[in-house]
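See structure below.
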Amino acid sequence: RKLDEIRDLEIDIGLLPRVHGSALFRRGKTQCLSVATLGSTRLVQTLESFEGEEEKTFMHHYNAPHYSMGEAGRFAYYPGRREVGHGHIGENALRKLLPSIEEFPYTIRVVSEILAQQGSSSMAATCGTSLALMQAGVPIKAQVGGISVGLVTEDDKLENFKLLTDIEDVEDFYGDMDFKVTGTKKGVTAIQMDNKLMGVPVAILKAAFLASQKARMQVIAAMDE
């Protein structure tokens with residue numbers, strides 16, 4: 001595919017008949033099934049820290065078992081740091097777009113089950129979560145899409161670079177950057193970057209934001225449809 005081309009998309013909603021909301025989002029060989037559940041306000045998650053207690057009304061959990069990467073063997077899944085971090089990306093991407101507890105008095109939990117992954121699964125989980133919330137009837141302010149932008153640079157010559165839109169796993173492993181950007185049609189809601197360089201020039205970041213915006217508009221258009 002071209003450097004700025006998104007892999008083929010497949011989107012379906014309402015697959016699971018007995019849940020509040022569900023959405024299947026596939027981009028290339030990466031496939032995510034997001035499931036939304038609504039509960040009463042008494043089911044909030046209570047967090048305790050040195051500053052006291054606080055309540056969490058929205059939770060997004062990301063699961064990527066071994067079979068999603070083609071690994072065989074006994075099923076024994078425990079979320080690691082990667083899974084917890086990917087769950088946070090989707091949670092932060094949508095947190096500010098959710099209605100207040102007065103507008104929508106429910107506790108919301110979305111679980112993104114990664115059925116297959118070949119790069120950008122956290123962005124698939126973000127898109128799937130946005131769709132599942134809408135299918136569950138949650139009045140979010142706008143649809144949220146996400147895309148990963150990769151980078152390849154010439155050794156000792158950072159000004160000679162190429163950006164890769166919607167990176168696959170091999171482009172992530174051998175590339176210099178994985179720049180995840182989530183947002184709506186109007187702006188960015190969350191970013192997260194993995195970087196293998198000593199530093200990324202501002203010019204590259206500007207170009208990456210523009211590439212992600214162009215791709216995000218295509219993804220959100222497909223989600224809206």
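Here, A, B, ... name the chains of the structure tokens in the order displayed, residue numbers run from 1 inside each chain, and ligands are numbered from 1 in the same displayed order.
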
Residues within 12 Å of Lys29 in chain A, only C-alpha atoms, excluding chain neighbours under 5 positions, as a PDB file with C-alpha atoms, in the first residue's frame:
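As a result, selection-v6.pdb now contains:
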ATOM      1  CA  ARG A   7      -5.538  -0.765   5.499  1.00  0.00           C
ATOM      2  CA  ASP A   8      -8.950  -2.103   4.458  1.00  0.00           C
ATOM      3  CA  LEU A   9     -11.680  -1.391   7.004  1.00  0.00           C
ATOM      4  CA  GLU A  10     -14.581  -3.515   8.201  1.00  0.00           C
ATOM      5  CA  SER A  68      -4.796 -12.998  19.068  1.00  0.00           C
ATOM      6  CA  MET A  69      -1.127 -13.217  18.051  1.00  0.00           C
ATOM      7  CA  GLY A  70      -1.429 -16.756  16.712  1.00  0.00           C
ATOM      8  CA  ILE A 114      -8.661  -8.195  20.598  1.00  0.00           C
ATOM      9  CA  LEU A 115      -9.482 -11.182  18.402  1.00  0.00           C
ATOM     10  CA  ALA A 116      -6.473 -10.767  16.108  1.00  0.00           C
ATOM     11  CA  GLN A 117      -3.665  -8.237  16.052  1.00  0.00           C
ATOM     12  CA  GLN A 118      -1.160  -7.125  13.480  1.00  0.00           C
ATOM     13  CA  GLY A 119      -0.385  -3.606  14.613  1.00  0.00           C
ATOM     14  CA  SER A 120      -2.463  -0.644  15.854  1.00  0.00           C
ATOM     15  CA  SER A 121      -4.738  -2.758  18.051  1.00  0.00           C
ATOM     16  CA  ALA A 124      -8.841  -0.358  16.854  1.00  0.00           C
ATOM     17  CA  ASP A 166      -1.694   2.970  10.047  1.00  0.00           C
ATOM     18  CA  ILE A 167       1.414   0.920  10.787  1.00  0.00           C
ATOM     19  CA  GLU A 168       1.416  -2.869  10.878  1.00  0.00           C
ATOM     20  CA  ASP A 169       3.489  -4.792  13.406  1.00  0.00           C
TER      21      ASP A 169
END

Q: Measuring atom to atom with only C-alpha atoms, identify which of A:Glu225, A:Glu159, A:Glu103, A:Asp194 is nearest to Phe173 in chain A.
A: A:Asp194

Q. Using only C-alpha atoms, which residue out of A:Thr184, A:Leu97, A:Met193, A:Val149 lies closest to Leu210 in chain A?
A.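 Between A:Thr184, A:Leu97, A:Met193, A:Val149, the residue approaching Leu210 in chain A most closely is A:Val149.
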
Q. How would you write, as a count of residues only, the set of residues in chain A that DSSP gives as strand (DSSP E)?
A. 82

Q) Do you know which residues are at most 8 Å from range 37-42 of chain A counting only C-alpha atoms, after dropping those on the same chain fewer than 4 positions away, and could you put them as a ChimeraX atom specification? A) /A:19-21,57,105-110,136

Residues from the last selection, C-alpha atoms, saved as a PDB file, in the first residue's frame:
ATOM      1  CA  VAL A  19     -25.370  -6.902  25.677  1.00  0.00           C
ATOM      2  CA  HIS A  20     -26.043  -3.185  25.911  1.00  0.00           C
ATOM      3  CA  GLY A  21     -23.707  -2.297  23.046  1.00  0.00           C
ATOM      4  CA  THR A  57     -17.692   6.120  36.405  1.00  0.00           C
ATOM      5  CA  PRO A 105     -26.727   8.487  35.479  1.00  0.00           C
ATOM      6  CA  TYR A 106     -24.946   5.218  34.693  1.00  0.00           C
ATOM      7  CA  THR A 107     -21.606   3.580  35.356  1.00  0.00           C
ATOM      8  CA  ILE A 108     -20.061   2.597  32.007  1.00  0.00           C
ATOM      9  CA  ARG A 109     -17.622  -0.228  31.332  1.00  0.00           C
ATOM     10  CA  VAL A 110     -16.318  -1.169  27.898  1.00  0.00           C
ATOM     11  CA  ALA A 136     -25.504   1.282  23.792  1.00  0.00           C
TER      12      ALA A 136
END

Q) For Phe25 in chain A, which residue among A:Leu164, A:Met223, A:Leu133, A:Ala190 is the nearest when counting only C-alpha atoms? A)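 So, comparing all the options, the nearest one is A:Met223.
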